[in-house]
file entry.cif (mmCIF, C-alpha atoms)
data_structure
#
loop_
_atom_site.label_atom_id
_atom_site.label_comp_id
_atom_site.auth_asym_id
_atom_site.auth_seq_id
_atom_site.Cartn_x
_atom_site.Cartn_y
_atom_site.Cartn_z
CA MET A 1434 -35.88 -271.12 104.67
CA ASN A 1435 -32.61 -269.41 105.52
CA CYS A 1436 -32.18 -266.25 107.64
CA GLU A 1437 -32.00 -263.94 104.62
CA LYS A 1438 -35.23 -265.22 103.12
CA VAL A 1439 -37.01 -265.02 106.46
CA GLN A 1440 -35.89 -261.41 107.03
CA LYS A 1441 -37.24 -260.43 103.62
CA LEU A 1442 -40.65 -261.81 104.56
CA LEU A 1443 -40.84 -260.48 108.12
CA PRO A 1444 -42.77 -257.25 107.32
CA GLU A 1445 -45.49 -259.36 105.62
CA TYR A 1446 -45.40 -261.74 108.59
CA TRP A 1447 -45.98 -258.84 111.01
CA ALA A 1448 -48.66 -257.37 108.78
CA GLU A 1449 -50.30 -260.81 108.56
CA THR A 1450 -50.51 -260.62 104.80
CA ILE A 1451 -48.30 -263.63 104.18
CA PRO A 1452 -49.59 -266.96 102.77
CA VAL A 1453 -50.22 -269.70 105.35
CA ASN A 1454 -47.36 -271.93 104.08
CA SER A 1455 -44.77 -269.17 104.34
CA HIS A 1456 -46.11 -268.20 107.74
CA ARG A 1457 -45.56 -271.74 108.97
CA GLU A 1458 -42.04 -271.88 107.52
CA ILE A 1459 -41.10 -268.58 109.17
CA GLU A 1460 -42.35 -269.79 112.53
CA GLN A 1461 -40.33 -272.98 112.16
CA HIS A 1462 -37.20 -270.98 111.37
CA LEU A 1463 -37.73 -268.55 114.24
CA HIS A 1464 -38.13 -271.51 116.58
CA GLN A 1465 -34.72 -272.80 115.54
CA CYS A 1466 -32.75 -269.55 115.10
CA ASP A 1467 -32.29 -267.44 118.25
CA THR A 1468 -30.79 -264.45 116.39
CA CYS A 1469 -33.72 -264.17 114.00
CA GLN A 1470 -36.15 -264.83 116.84
CA ALA A 1471 -34.77 -261.95 118.93
CA GLU A 1472 -34.65 -259.55 115.99
CA ALA A 1473 -38.13 -260.49 114.76
CA GLU A 1474 -39.57 -259.94 118.21
CA MET A 1475 -37.94 -256.54 118.81
CA LEU A 1476 -38.63 -255.19 115.31
CA GLY A 1477 -42.13 -256.70 115.32
CA GLU A 1478 -42.97 -254.60 118.38
CA LEU A 1479 -41.72 -251.47 116.64
CA TRP A 1480 -43.75 -252.39 113.57
CA ALA A 1481 -46.88 -252.64 115.71
CA ASP A 1482 -46.05 -249.43 117.60
CA LEU A 1483 -45.88 -247.47 114.33
CA ASP A 1484 -49.66 -247.73 114.34
CA ARG A 1485 -49.83 -245.86 117.65
CA LEU A 1486 -48.04 -242.75 116.42
CA PRO A 1487 -50.41 -239.78 116.16
CA THR A 1488 -51.80 -239.01 112.72
CA LEU A 1489 -51.85 -235.46 111.39
CA GLU A 1490 -55.04 -234.46 109.56
CA PRO A 1491 -55.11 -231.96 106.69
CA SER A 1492 -56.63 -228.58 107.54
CA THR A 1493 -59.94 -227.49 106.03
CA ASP A 1494 -57.94 -224.98 104.00
CA VAL A 1495 -56.65 -227.69 101.63
CA ARG A 1496 -60.10 -228.19 100.18
CA SER A 1497 -60.66 -224.51 99.36
CA ARG A 1498 -57.14 -224.24 97.95
CA PHE A 1499 -57.74 -227.26 95.73
CA TYR A 1500 -61.09 -226.05 94.38
CA GLY A 1501 -59.65 -222.55 93.84
CA MET A 1502 -56.79 -224.04 91.84
CA LEU A 1503 -59.15 -226.30 89.85
CA ASP A 1504 -61.44 -223.39 88.95
CA ALA A 1505 -58.51 -221.21 87.95
CA TYR A 1506 -57.02 -223.99 85.86
CA ARG A 1507 -60.32 -224.79 84.17
CA SER A 1508 -60.95 -221.16 83.26
CA GLY A 1509 -57.41 -221.00 81.89
CA VAL A 1510 -57.96 -224.11 79.78
CA ASP A 1511 -61.32 -222.82 78.53
CA GLU A 1512 -59.59 -219.70 77.24
CA LYS A 1513 -56.92 -221.67 75.40
CA PRO A 1514 -57.38 -222.07 71.67
CA LYS A 1515 -58.50 -225.61 70.82
CA ARG A 1516 -56.13 -227.66 68.68
CA ASN A 1517 -57.77 -230.50 66.82
CA TRP A 1518 -58.33 -232.07 63.46
CA PHE A 1519 -60.32 -229.17 62.07
CA HIS A 1520 -57.42 -226.83 62.77
CA TRP A 1521 -57.37 -225.96 59.07
CA ALA A 1522 -60.89 -224.55 59.42
CA ILE A 1523 -59.62 -221.58 61.46
CA PRO A 1524 -57.56 -219.90 58.69
CA ALA A 1525 -60.22 -220.88 56.14
CA GLY A 1526 -62.94 -219.33 58.30
CA ALA A 1527 -60.82 -216.23 58.89
CA PHE A 1528 -60.32 -215.83 55.14
CA ALA A 1529 -64.07 -216.19 54.52
CA MET A 1530 -64.85 -213.62 57.22
CA LEU A 1531 -62.32 -211.23 55.70
CA ALA A 1532 -63.88 -211.59 52.26
CA ILE A 1533 -67.38 -211.00 53.67
CA GLY A 1534 -66.06 -208.02 55.64
CA ILE A 1535 -64.54 -206.42 52.60
CA PHE A 1536 -67.74 -206.94 50.64
CA VAL A 1537 -69.99 -205.57 53.38
CA GLY A 1538 -67.55 -202.71 54.02
CA ARG A 1539 -67.75 -201.64 50.41
CA VAL A 1540 -71.52 -201.71 50.44
CA ASN A 1541 -72.23 -200.15 53.79
CA VAL A 1542 -69.55 -198.62 55.98
CA THR A 1543 -70.83 -198.51 59.58
CA PRO A 1544 -68.51 -197.30 62.35
CA VAL A 1545 -68.10 -199.55 65.46
CA ASP A 1546 -70.55 -198.55 68.15
CA PRO A 1547 -68.44 -196.34 70.47
CA GLN A 1548 -70.35 -197.65 73.52
CA ILE A 1549 -69.41 -201.25 72.69
CA ALA A 1550 -65.81 -200.21 72.10
CA GLN A 1551 -65.80 -198.40 75.44
CA LEU A 1552 -67.31 -201.43 77.19
CA ARG A 1553 -64.67 -203.71 75.68
CA GLY A 1554 -61.99 -201.33 76.87
CA GLU A 1555 -63.43 -201.33 80.38
CA ILE A 1556 -63.55 -205.15 80.52
CA HIS A 1557 -59.99 -205.32 79.29
CA GLY A 1558 -58.92 -202.76 81.92
CA MET A 1559 -60.74 -204.63 84.66
CA ARG A 1560 -59.15 -207.96 83.75
CA GLN A 1561 -55.78 -206.28 83.59
CA MET A 1562 -56.30 -204.73 87.03
CA MET A 1563 -57.50 -208.05 88.50
CA ALA A 1564 -54.51 -209.90 87.03
CA LEU A 1565 -52.03 -207.37 88.41
CA SER A 1566 -53.69 -207.23 91.80
CA LEU A 1567 -54.07 -210.99 92.26
CA LEU A 1568 -50.49 -211.69 91.15
CA GLN A 1569 -49.33 -209.71 94.18
CA GLN A 1570 -51.34 -211.73 96.71
CA GLN A 1571 -49.79 -213.97 99.37
CA SER A 1572 -51.92 -217.01 98.70
CA PRO A 1573 -50.73 -219.23 95.82
CA ALA A 1574 -54.40 -219.89 94.89
CA ASP A 1575 -54.97 -216.13 94.46
CA ARG A 1576 -51.83 -215.73 92.37
CA MET A 1577 -53.01 -218.63 90.26
CA ARG A 1578 -56.27 -216.77 89.69
CA GLY A 1579 -54.18 -213.74 88.72
CA VAL A 1580 -52.49 -215.81 86.04
CA SER A 1581 -55.88 -216.98 84.77
CA TYR A 1582 -57.03 -213.35 84.46
CA ALA A 1583 -53.88 -212.63 82.46
CA TYR A 1584 -54.98 -215.49 80.19
CA ARG A 1585 -58.26 -213.75 79.48
CA LEU A 1586 -56.67 -210.56 78.18
CA ASP A 1587 -57.33 -210.01 74.50
CA LYS A 1588 -53.92 -208.53 73.81
CA SER A 1589 -50.59 -208.38 75.56
CA ASP A 1590 -50.15 -205.61 78.02
CA GLY A 1591 -46.77 -204.28 79.18
CA ASP A 1592 -47.60 -204.25 82.90
CA VAL A 1593 -49.12 -207.73 82.83
CA VAL A 1594 -46.18 -209.14 80.86
CA THR A 1595 -43.80 -207.60 83.43
CA ALA A 1596 -45.84 -209.05 86.32
CA LEU A 1597 -45.92 -212.48 84.66
CA LEU A 1598 -42.18 -212.36 84.09
CA GLU A 1599 -41.65 -211.50 87.72
CA THR A 1600 -43.92 -214.42 88.65
CA VAL A 1601 -41.94 -216.82 86.45
CA LYS A 1602 -38.69 -215.58 87.96
CA SER A 1603 -39.48 -215.46 91.64
CA ASP A 1604 -42.85 -216.91 92.65
CA PRO A 1605 -42.27 -219.37 95.51
CA SER A 1606 -44.89 -221.79 94.14
CA VAL A 1607 -43.84 -224.02 91.24
CA ASN A 1608 -47.53 -224.32 90.24
CA VAL A 1609 -47.93 -220.59 89.83
CA ARG A 1610 -44.66 -220.30 87.91
CA LEU A 1611 -45.73 -223.08 85.53
CA ALA A 1612 -49.11 -221.43 84.95
CA ALA A 1613 -47.41 -218.08 84.30
CA VAL A 1614 -45.15 -219.70 81.68
CA ASP A 1615 -48.26 -221.15 80.01
CA ALA A 1616 -49.95 -217.74 80.09
CA PHE A 1617 -47.26 -216.34 77.79
CA ARG A 1618 -48.68 -218.48 75.02
CA LYS A 1619 -51.85 -216.39 75.24
CA VAL A 1620 -50.58 -212.94 76.10
CA GLY A 1621 -47.61 -213.25 73.75
CA THR A 1622 -44.07 -212.05 74.26
CA GLY A 1623 -41.89 -209.33 72.79
CA VAL A 1624 -38.15 -209.64 72.17
CA ALA A 1625 -37.35 -208.25 75.63
CA ALA A 1626 -39.71 -210.70 77.36
CA ARG A 1627 -38.23 -213.65 75.49
CA LYS A 1628 -34.76 -212.53 76.50
CA ALA A 1629 -35.92 -212.21 80.11
CA LEU A 1630 -37.36 -215.74 79.95
CA ILE A 1631 -34.05 -217.10 78.65
CA ASP A 1632 -32.22 -215.23 81.43
CA SER A 1633 -34.58 -216.65 84.05
CA LEU A 1634 -33.79 -220.23 82.94
CA LYS A 1635 -30.53 -220.39 84.88
CA ALA A 1636 -31.99 -218.91 88.03
CA GLN A 1637 -34.84 -221.46 88.17
CA ASP A 1638 -34.60 -224.07 90.91
CA SER A 1639 -37.32 -226.26 89.41
CA PRO A 1640 -36.44 -228.47 86.42
CA LEU A 1641 -40.17 -228.58 85.56
CA VAL A 1642 -40.32 -224.81 85.14
CA GLN A 1643 -37.09 -224.84 83.13
CA ILE A 1644 -38.52 -227.43 80.75
CA ALA A 1645 -41.81 -225.49 80.49
CA ILE A 1646 -39.89 -222.30 79.52
CA ILE A 1647 -37.86 -224.22 76.94
CA GLU A 1648 -41.03 -225.69 75.41
CA LEU A 1649 -42.58 -222.22 75.32
CA LEU A 1650 -39.58 -220.82 73.43
CA VAL A 1651 -39.93 -223.63 70.88
CA ASP A 1652 -43.66 -222.94 70.50
CA LEU A 1653 -42.92 -219.24 69.99
CA ASN A 1654 -40.46 -220.30 67.27
CA ASP A 1655 -37.95 -217.61 68.17
CA ARG A 1656 -34.80 -218.71 66.35
CA THR A 1657 -32.68 -216.10 68.09
CA THR A 1658 -32.95 -218.11 71.31
CA ALA A 1659 -31.38 -221.25 69.74
CA LYS A 1660 -27.82 -220.21 70.60
CA SER A 1661 -28.61 -219.54 74.26
CA LEU A 1662 -30.45 -222.87 74.50
CA GLN A 1663 -27.48 -224.66 72.94
CA SER A 1664 -25.06 -223.26 75.52
CA PHE A 1665 -27.59 -223.99 78.27
CA SER A 1666 -27.73 -227.64 77.14
CA VAL A 1667 -24.00 -228.13 77.87
CA ASP A 1668 -24.00 -226.34 81.20
CA SER A 1669 -22.93 -228.94 83.78
CA ALA A 1670 -24.88 -227.18 86.53
CA VAL A 1671 -28.15 -227.87 84.69
CA PRO A 1672 -30.08 -231.11 85.50
CA LYS A 1673 -29.68 -233.83 82.87
CA GLU A 1674 -33.31 -233.91 81.76
CA VAL A 1675 -33.27 -230.12 81.30
CA GLN A 1676 -30.05 -230.33 79.29
CA GLU A 1677 -31.72 -232.88 77.00
CA SER A 1678 -34.77 -230.68 76.62
CA ALA A 1679 -32.60 -227.63 75.78
CA ARG A 1680 -30.62 -229.66 73.24
CA TRP A 1681 -33.84 -230.82 71.58
CA ALA A 1682 -35.20 -227.26 71.56
CA ALA A 1683 -31.99 -225.83 70.05
CA GLY A 1684 -32.26 -228.49 67.32
CA GLN A 1685 -35.87 -227.51 66.61
CA LEU A 1686 -35.03 -223.83 66.35
CA ASN A 1687 -31.87 -224.16 64.27
CA MET B 1227 -58.63 -240.40 85.81
CA GLN B 1228 -59.35 -241.36 82.23
CA GLN B 1229 -62.17 -238.79 82.19
CA VAL B 1230 -59.84 -236.11 83.56
CA ARG B 1231 -57.27 -237.02 80.92
CA ASP B 1232 -59.94 -236.78 78.22
CA GLY B 1233 -60.90 -233.25 79.27
CA ASP B 1234 -63.50 -233.55 82.04
CA LEU B 1235 -61.38 -231.66 84.57
CA ARG B 1236 -64.21 -231.47 87.13
CA LYS B 1237 -63.73 -235.21 87.76
CA LEU B 1238 -60.42 -234.38 89.44
CA ALA B 1239 -62.54 -233.36 92.44
CA VAL B 1240 -63.59 -237.01 92.84
CA LEU B 1241 -59.96 -238.10 92.90
CA PHE B 1242 -59.11 -235.31 95.32
CA GLU B 1243 -61.84 -236.33 97.75
CA ARG B 1244 -60.80 -239.97 97.51
CA HIS B 1245 -57.04 -239.63 97.93
CA HIS B 1246 -56.10 -236.28 99.45
CA ARG B 1247 -56.08 -237.40 103.08
CA ALA B 1248 -53.79 -240.39 102.43
CA LEU B 1249 -51.56 -238.28 100.24
CA PHE B 1250 -51.33 -235.53 102.86
CA GLN B 1251 -50.40 -238.09 105.49
CA PHE B 1252 -47.75 -239.56 103.19
CA PHE B 1253 -46.12 -236.14 102.94
CA ALA B 1254 -46.61 -235.41 106.65
CA ARG B 1255 -44.98 -238.69 107.70
CA CYS B 1256 -42.12 -238.20 105.26
CA SER B 1257 -41.52 -234.60 106.37
CA GLY B 1258 -41.54 -235.17 110.12
CA GLY B 1259 -45.03 -233.70 110.53
CA ASN B 1260 -44.53 -230.45 108.62
CA ARG B 1261 -48.12 -229.38 107.91
CA GLU B 1262 -47.39 -226.35 105.75
CA GLN B 1263 -44.97 -228.22 103.52
CA SER B 1264 -47.31 -231.22 103.26
CA GLU B 1265 -50.29 -229.06 102.27
CA ASP B 1266 -48.20 -227.25 99.65
CA LEU B 1267 -47.05 -230.58 98.25
CA LEU B 1268 -50.62 -231.87 98.20
CA GLN B 1269 -51.64 -228.87 96.12
CA GLU B 1270 -48.63 -229.39 93.89
CA VAL B 1271 -49.56 -233.02 93.17
CA TYR B 1272 -53.09 -232.16 92.00
CA PHE B 1273 -51.76 -229.34 89.87
CA ARG B 1274 -49.24 -231.68 88.26
CA ILE B 1275 -51.96 -234.29 87.68
CA LEU B 1276 -53.89 -231.63 85.75
CA ARG B 1277 -50.91 -230.36 83.85
CA TYR B 1278 -49.53 -233.78 82.92
CA ARG B 1279 -52.88 -235.59 82.60
CA HIS B 1280 -52.13 -236.47 78.98
CA THR B 1281 -49.24 -238.68 80.18
CA TYR B 1282 -51.56 -240.92 82.20
CA ASP B 1283 -51.69 -244.45 80.85
CA ALA B 1284 -55.03 -246.10 81.63
CA LYS B 1285 -53.31 -249.49 81.78
CA GLN B 1286 -51.35 -248.30 84.79
CA PRO B 1287 -53.08 -248.12 88.21
CA PHE B 1288 -53.94 -244.52 89.07
CA THR B 1289 -52.61 -244.79 92.64
CA ALA B 1290 -49.13 -245.80 91.48
CA TRP B 1291 -49.07 -242.96 88.94
CA MET B 1292 -50.24 -240.49 91.58
CA TYR B 1293 -47.52 -241.57 94.02
CA GLN B 1294 -44.90 -241.27 91.29
CA ILE B 1295 -46.00 -237.65 90.85
CA ALA B 1296 -46.01 -237.21 94.64
CA ARG B 1297 -42.45 -238.51 94.93
CA ASN B 1298 -41.23 -236.20 92.18
CA ALA B 1299 -42.90 -233.22 93.85
CA LYS B 1300 -41.32 -234.22 97.15
CA ILE B 1301 -37.87 -234.57 95.56
CA ASP B 1302 -38.20 -231.12 93.97
CA GLN B 1303 -39.22 -229.70 97.35
CA LEU B 1304 -36.31 -231.41 99.12
CA GLN B 1305 -33.87 -229.85 96.68
CA LYS B 1306 -35.18 -226.46 97.75
CA ARG B 1307 -35.13 -226.95 101.51
CA ARG B 1308 -34.22 -229.54 104.08
CA PRO B 1309 -37.13 -231.20 105.88
CA GLU B 1310 -37.91 -229.78 109.27
CA THR B 1311 -39.57 -231.59 112.11
CA HIS B 1312 -42.75 -229.90 113.18
CA HIS B 1313 -44.90 -231.99 115.45
CA GLU B 1314 -48.18 -230.23 115.93
CA ASN B 1315 -49.81 -233.07 117.75
CA ASP B 1316 -47.66 -234.27 120.62
CA GLU B 1317 -50.51 -236.00 122.33
CA ILE B 1318 -49.97 -239.71 122.58
CA PRO B 1319 -53.12 -241.85 122.63
CA SER B 1320 -53.88 -243.11 126.11
CA GLY B 1321 -54.95 -246.64 126.99
CA SER B 1322 -55.87 -248.45 130.16
CA MET B 1323 -52.32 -248.47 131.58
CA ARG B 1324 -51.28 -247.03 134.93
CA ILE B 1325 -49.83 -243.49 134.91
CA ASP B 1326 -46.20 -244.66 135.32
CA ASP B 1327 -46.59 -247.12 132.46
CA LYS B 1328 -48.38 -244.51 130.39
CA LEU B 1329 -45.53 -242.04 130.75
CA SER B 1330 -43.04 -244.69 129.89
CA ARG B 1331 -45.15 -245.75 126.91
CA ALA B 1332 -45.47 -242.14 125.77
CA GLN B 1333 -41.72 -241.73 125.97
CA GLU B 1334 -41.22 -244.89 123.95
CA LEU B 1335 -43.55 -243.65 121.26
CA GLN B 1336 -41.83 -240.27 121.19
CA LEU B 1337 -38.49 -242.01 120.72
CA LEU B 1338 -39.99 -244.11 117.96
CA ARG B 1339 -41.28 -241.02 116.19
CA LYS B 1340 -37.90 -239.35 116.56
CA ALA B 1341 -36.21 -242.45 115.14
CA LEU B 1342 -38.64 -242.44 112.21
CA ASP B 1343 -37.85 -238.77 111.51
CA MET B 1344 -34.13 -239.54 111.66
CA LEU B 1345 -34.29 -242.35 109.09
CA PRO B 1346 -32.64 -241.54 105.77
CA GLU B 1347 -35.22 -240.24 103.28
CA ASP B 1348 -35.26 -243.33 101.03
CA LYS B 1349 -35.75 -245.72 103.94
CA ARG B 1350 -38.44 -243.59 105.58
CA GLU B 1351 -40.29 -243.28 102.29
CA VAL B 1352 -40.46 -247.01 101.57
CA LEU B 1353 -41.43 -247.72 105.18
CA VAL B 1354 -44.22 -245.12 105.09
CA MET B 1355 -45.52 -246.49 101.79
CA SER B 1356 -45.54 -250.03 103.07
CA ARG B 1357 -46.71 -249.44 106.65
CA TYR B 1358 -49.19 -246.61 106.30
CA GLN B 1359 -50.29 -246.02 102.73
CA GLU B 1360 -51.92 -249.39 102.16
CA LEU B 1361 -49.90 -249.89 99.03
CA LYS B 1362 -49.17 -253.40 97.83
CA TYR B 1363 -45.56 -254.39 97.20
CA GLU B 1364 -46.36 -254.56 93.48
CA GLU B 1365 -47.54 -250.95 93.56
CA ILE B 1366 -44.51 -249.78 95.54
CA ALA B 1367 -42.30 -251.59 93.02
CA GLN B 1368 -44.02 -249.74 90.20
CA ILE B 1369 -43.70 -246.38 91.97
CA LEU B 1370 -40.00 -246.87 92.73
CA GLY B 1371 -39.25 -248.57 89.42
CA ILE B 1372 -37.71 -251.67 91.07
CA GLU B 1373 -38.52 -255.38 91.45
CA VAL B 1374 -40.99 -256.62 94.07
CA GLY B 1375 -38.22 -258.65 95.74
CA ALA B 1376 -36.11 -255.49 96.07
CA VAL B 1377 -39.05 -253.72 97.74
CA LYS B 1378 -39.31 -256.47 100.36
CA VAL B 1379 -35.59 -256.20 101.08
CA ARG B 1380 -35.79 -252.41 101.34
CA VAL B 1381 -38.75 -252.52 103.69
CA PHE B 1382 -36.98 -254.93 106.03
CA ARG B 1383 -33.77 -252.88 105.94
CA ALA B 1384 -35.77 -249.75 106.74
CA VAL B 1385 -37.35 -251.46 109.78
CA ARG B 1386 -33.94 -252.69 110.90
CA ALA B 1387 -32.46 -249.18 110.53
CA LEU B 1388 -35.42 -247.83 112.49
CA GLY B 1389 -34.69 -250.39 115.22
CA ASP B 1390 -31.01 -249.38 115.34
CA LEU B 1391 -31.90 -245.70 115.66
CA TYR B 1392 -34.51 -246.42 118.27
CA THR B 1393 -32.03 -248.46 120.34
CA GLN B 1394 -29.41 -245.70 120.10
CA LEU B 1395 -31.92 -243.07 121.23
CA ALA B 1396 -33.19 -245.24 124.08
CA GLU B 1397 -29.65 -245.92 125.29
CA ALA B 1398 -28.76 -242.22 125.12
CA LYS B 1399 -31.82 -241.39 127.19
CA ALA B 1400 -31.13 -244.08 129.80
#
call {"tool": "encode", "arguments": {"input": "entry.cif", "output": "structure tokens"}}
result
Amino acid sequence: MNCEKVQKLLPEYWAETIPVNSHREIEQHLHQCDTCQAEAEMLGELWADLDRLPTLEPSTDVRSRFYGMLDAYRSGVDEKPKRNWFHWAIPAGAFAMLAIGIFVGRVNVTPVDPQIAQLRGEIHGMRQMMALSLLQQQSPADRMRGVSYAYRLDKSDGDVVTALLETVKSDPSVNVRLAAVDAFRKVGTGVAARKALIDSLKAQDSPLVQIAIIELLVDLNDRTTAKSLQSFSVDSAVPKEVQESARWAAGQLN
Amino acid sequence: MQQVRDGDLRKLAVLFERHHRALFQFFARCSGGNREQSEDLLQEVYFRILRYRHTYDAKQPFTAWMYQIARNAKIDQLQKRRPETHHENDEIPSGSMRIDDKLSRAQELQLLRKALDMLPEDKREVLVMSRYQELKYEEIAQILGIEVGAVKVRVFRAVRALGDLYTQLAEAKA
């Protein structure tokens, strides 16, 4: 064994994870080579001392934050429309329901119970209020819950869309920003919101969020954003993987 | 992880309970003991595991995949802000040495910790993975996307750089 080979194996030698044969060869070399011997001894002590450095333990808060995030994520996923092989059944079912509705409507026109309508309105208002309130909280887990409430809204709401846009633009947590981008798939976007999303692309410091916004714009199939994405894809200040994603998206929308 | 990938998201709790302490300590050792940053990164990793669960390949060991996500989260974080050194726990474990020796030993360990914090990010990371995270060289190679032989070389170079820094600090103090 030469010096170079021995040096490469020293960490395993110190950790005592090296095969017996190699261990013997290293010891033989160290016996003959004073330079390696001195270095192995000094660095070996440091290697052992690394074990004596104090270890920081996570606070109890990490557990509650994790379970809060998991619950919020799961409720968000549960609200998402399922995409699977019987996807075709949704429009077919909708058509059947429409036909039945027209038939029943012709036979017996019954107005929607005003109490049920009022109750629905109250639930919608409550979810809206919870979303707006939680999105303003300091804790990322709370803001994540705010995003999940936004997910549960039946229809897009101006205030919630504005709050989500603000979250996408400036929330300090990448997680919350990503979840807010996803929420737009449910709450929908108007022309102004889509423009604001495009504008926020450049200001983003996280490539992950940039790619998530780009994928959202493709899913929304807004062809008017293709030009902006094209110019974004050749911007030298943009990370390479984001450029590639923008180029792909522009191609999809053209 | 396969169950999480296939839609049973509650199973992520099992993975959290199994790995969160080691993962937190990985971030803490790489960030010079910054608790707040390490806890944020921990949260970030589990969120990314959920969000990108469909990219998990069951043929790949979960630990290596998790550390790849952890490294990416750490790199994203580093782009936002420089690591700060926050040592919450300055207490050095005591042994059966005399008080003079103990002080001297404590000083040595403080210098060692300072040297570790001063190591360039790539060297500190590979050293932490190898020395503390109980990762095999094969796993580190997979995480870093390099050959096993290159990992061995990097680990030794990191220890040597640590030794150089430690010597410089000790000489400056003397």
call {"tool": "resolve_selection", "arguments": {"input": "entry.cif", "expression": "the PyMOL selection byres ((chain B and resi 1392) around 9)", "output": "ChimeraX atom specification"}}
result
/A:1479 /B:1334,1337-1342,1387-1391,1393-1397
call {"tool": "atom_distance", "arguments": {"input": "entry.cif", "atom1": "CA of Ser1633 (chain A)", "atom2": "CA of Lys1602 (chain A)"}}
result
5.8 Å
call {"tool": "interface_residues", "arguments": {"input": "entry.cif", "of": "chain B", "to": "chain A", "cutoff": "9 Å", "atoms": "all atoms listed in the file", "output": "ChimeraX atom specification"}}
result
/B:1235-1236,1238-1239,1242-1243,1246-1247,1250-1251,1254-1255,1259,1261,1264-1266,1268-1270,1272-1274,1276,1302-1303,1305-1306,1313-1319,1335-1336,1338-1339,1356-1358,1375,1378-1383,1385-1386,1388-1389,1392
call {"tool": "atom_distance", "arguments": {"input": "entry.cif", "atom1": "CA of Cys1466 (chain A)", "atom2": "CA of Lys1349 (chain B)"}}
result
26.5 Å
call {"tool": "residues_around", "arguments": {"input": "entry.cif", "residues": "Gln1643 (chain A)", "least_positions_apart": "4", "cutoff": "12 Å", "atoms": "only C-alpha atoms", "output": "ChimeraX atom specification"}}
result
/A:1601-1602,1607,1610-1611,1614,1630-1639,1647-1650,1662,1665-1666,1671-1679,1682
call {"tool": "write_last_selection", "arguments": {"input": "entry.cif", "atoms": "C-alpha atoms", "output": "PDB file, keeping the file's coordinate frame"}}
result
ATOM      1  CA  VAL A1601     -41.940-216.820  86.450  1.00  0.00           C
ATOM      2  CA  LYS A1602     -38.690-215.580  87.960  1.00  0.00           C
ATOM      3  CA  VAL A1607     -43.840-224.020  91.240  1.00  0.00           C
ATOM      4  CA  ARG A1610     -44.660-220.300  87.910  1.00  0.00           C
ATOM      5  CA  LEU A1611     -45.730-223.080  85.530  1.00  0.00           C
ATOM      6  CA  VAL A1614     -45.150-219.700  81.680  1.00  0.00           C
ATOM      7  CA  LEU A1630     -37.360-215.740  79.950  1.00  0.00           C
ATOM      8  CA  ILE A1631     -34.050-217.100  78.650  1.00  0.00           C
ATOM      9  CA  ASP A1632     -32.220-215.230  81.430  1.00  0.00           C
ATOM     10  CA  SER A1633     -34.580-216.650  84.050  1.00  0.00           C
ATOM     11  CA  LEU A1634     -33.790-220.230  82.940  1.00  0.00           C
ATOM     12  CA  LYS A1635     -30.530-220.390  84.880  1.00  0.00           C
ATOM     13  CA  ALA A1636     -31.990-218.910  88.030  1.00  0.00           C
ATOM     14  CA  GLN A1637     -34.840-221.460  88.170  1.00  0.00           C
ATOM     15  CA  ASP A1638     -34.600-224.070  90.910  1.00  0.00           C
ATOM     16  CA  SER A1639     -37.320-226.260  89.410  1.00  0.00           C
ATOM     17  CA  ILE A1647     -37.860-224.220  76.940  1.00  0.00           C
ATOM     18  CA  GLU A1648     -41.030-225.690  75.410  1.00  0.00           C
ATOM     19  CA  LEU A1649     -42.580-222.220  75.320  1.00  0.00           C
ATOM     20  CA  LEU A1650     -39.580-220.820  73.430  1.00  0.00           C
ATOM     21  CA  LEU A1662     -30.450-222.870  74.500  1.00  0.00           C
ATOM     22  CA  PHE A1665     -27.590-223.990  78.270  1.00  0.00           C
ATOM     23  CA  SER A1666     -27.730-227.640  77.140  1.00  0.00           C
ATOM     24  CA  VAL A1671     -28.150-227.870  84.690  1.00  0.00           C
ATOM     25  CA  PRO A1672     -30.080-231.110  85.500  1.00  0.00           C
ATOM     26  CA  LYS A1673     -29.680-233.830  82.870  1.00  0.00           C
ATOM     27  CA  GLU A1674     -33.310-233.910  81.760  1.00  0.00           C
ATOM     28  CA  VAL A1675     -33.270-230.120  81.300  1.00  0.00           C
ATOM     29  CA  GLN A1676     -30.050-230.330  79.290  1.00  0.00           C
ATOM     30  CA  GLU A1677     -31.720-232.880  77.000  1.00  0.00           C
ATOM     31  CA  SER A1678     -34.770-230.680  76.620  1.00  0.00           C
ATOM     32  CA  ALA A1679     -32.600-227.630  75.780  1.00  0.00           C
ATOM     33  CA  ALA A1682     -35.200-227.260  71.560  1.00  0.00           C
TER      34      ALA A1682
END
call {"tool": "axis_aligned_box", "arguments": {"input": "entry.cif", "around": "region 1459-1467 of chain A", "padding_each_side": "3 Å", "output": "JSON"}}
result
{"center_x": -37.3, "center_y": -270.2, "center_z": 113.7, "size_x": 16.1, "size_y": 11.5, "size_z": 15.1}
call {"tool": "atom_distance", "arguments": {"input": "entry.cif", "atom1": "CA of Gln1263 (chain B)", "atom2": "CA of Ala1299 (chain B)"}}
result
11.1 Å
call {"tool": "resolve_selection", "arguments": {"input": "entry.cif", "expression": "the PyMOL selection byres ((chain B and resi 1227) around 9)", "output": "ChimeraX atom specification"}}
result
/B:1228-1232,1237-1238,1241,1279,1282,1284,1288
call {"tool": "closest_residue", "arguments": {"input": "entry.cif", "among": "B:Ala1290, B:Ile1295, B:Leu1353, B:Leu1345", "to": "Ile1366 (chain B)", "atoms": "all atoms listed in the file"}}
result
B:Ala1290
call {"tool": "residues_around", "arguments": {"input": "entry.cif", "residues": "Glu1458 (chain A)", "least_positions_apart": "5", "cutoff": "10 Å", "atoms": "only C-alpha atoms", "output": "tab-separated table (two decimals) with C-alpha atoms, keeping the file's coordinate frame"}}
result
chain	number	residue	atom	x	y	z
A	1434	MET	CA	-35.88	-271.12	104.67
A	1435	ASN	CA	-32.61	-269.41	105.52
A	1439	VAL	CA	-37.01	-265.02	106.46
A	1453	VAL	CA	-50.22	-269.70	105.35
A	1463	LEU	CA	-37.73	-268.55	114.24
A	1464	HIS	CA	-38.13	-271.51	116.58
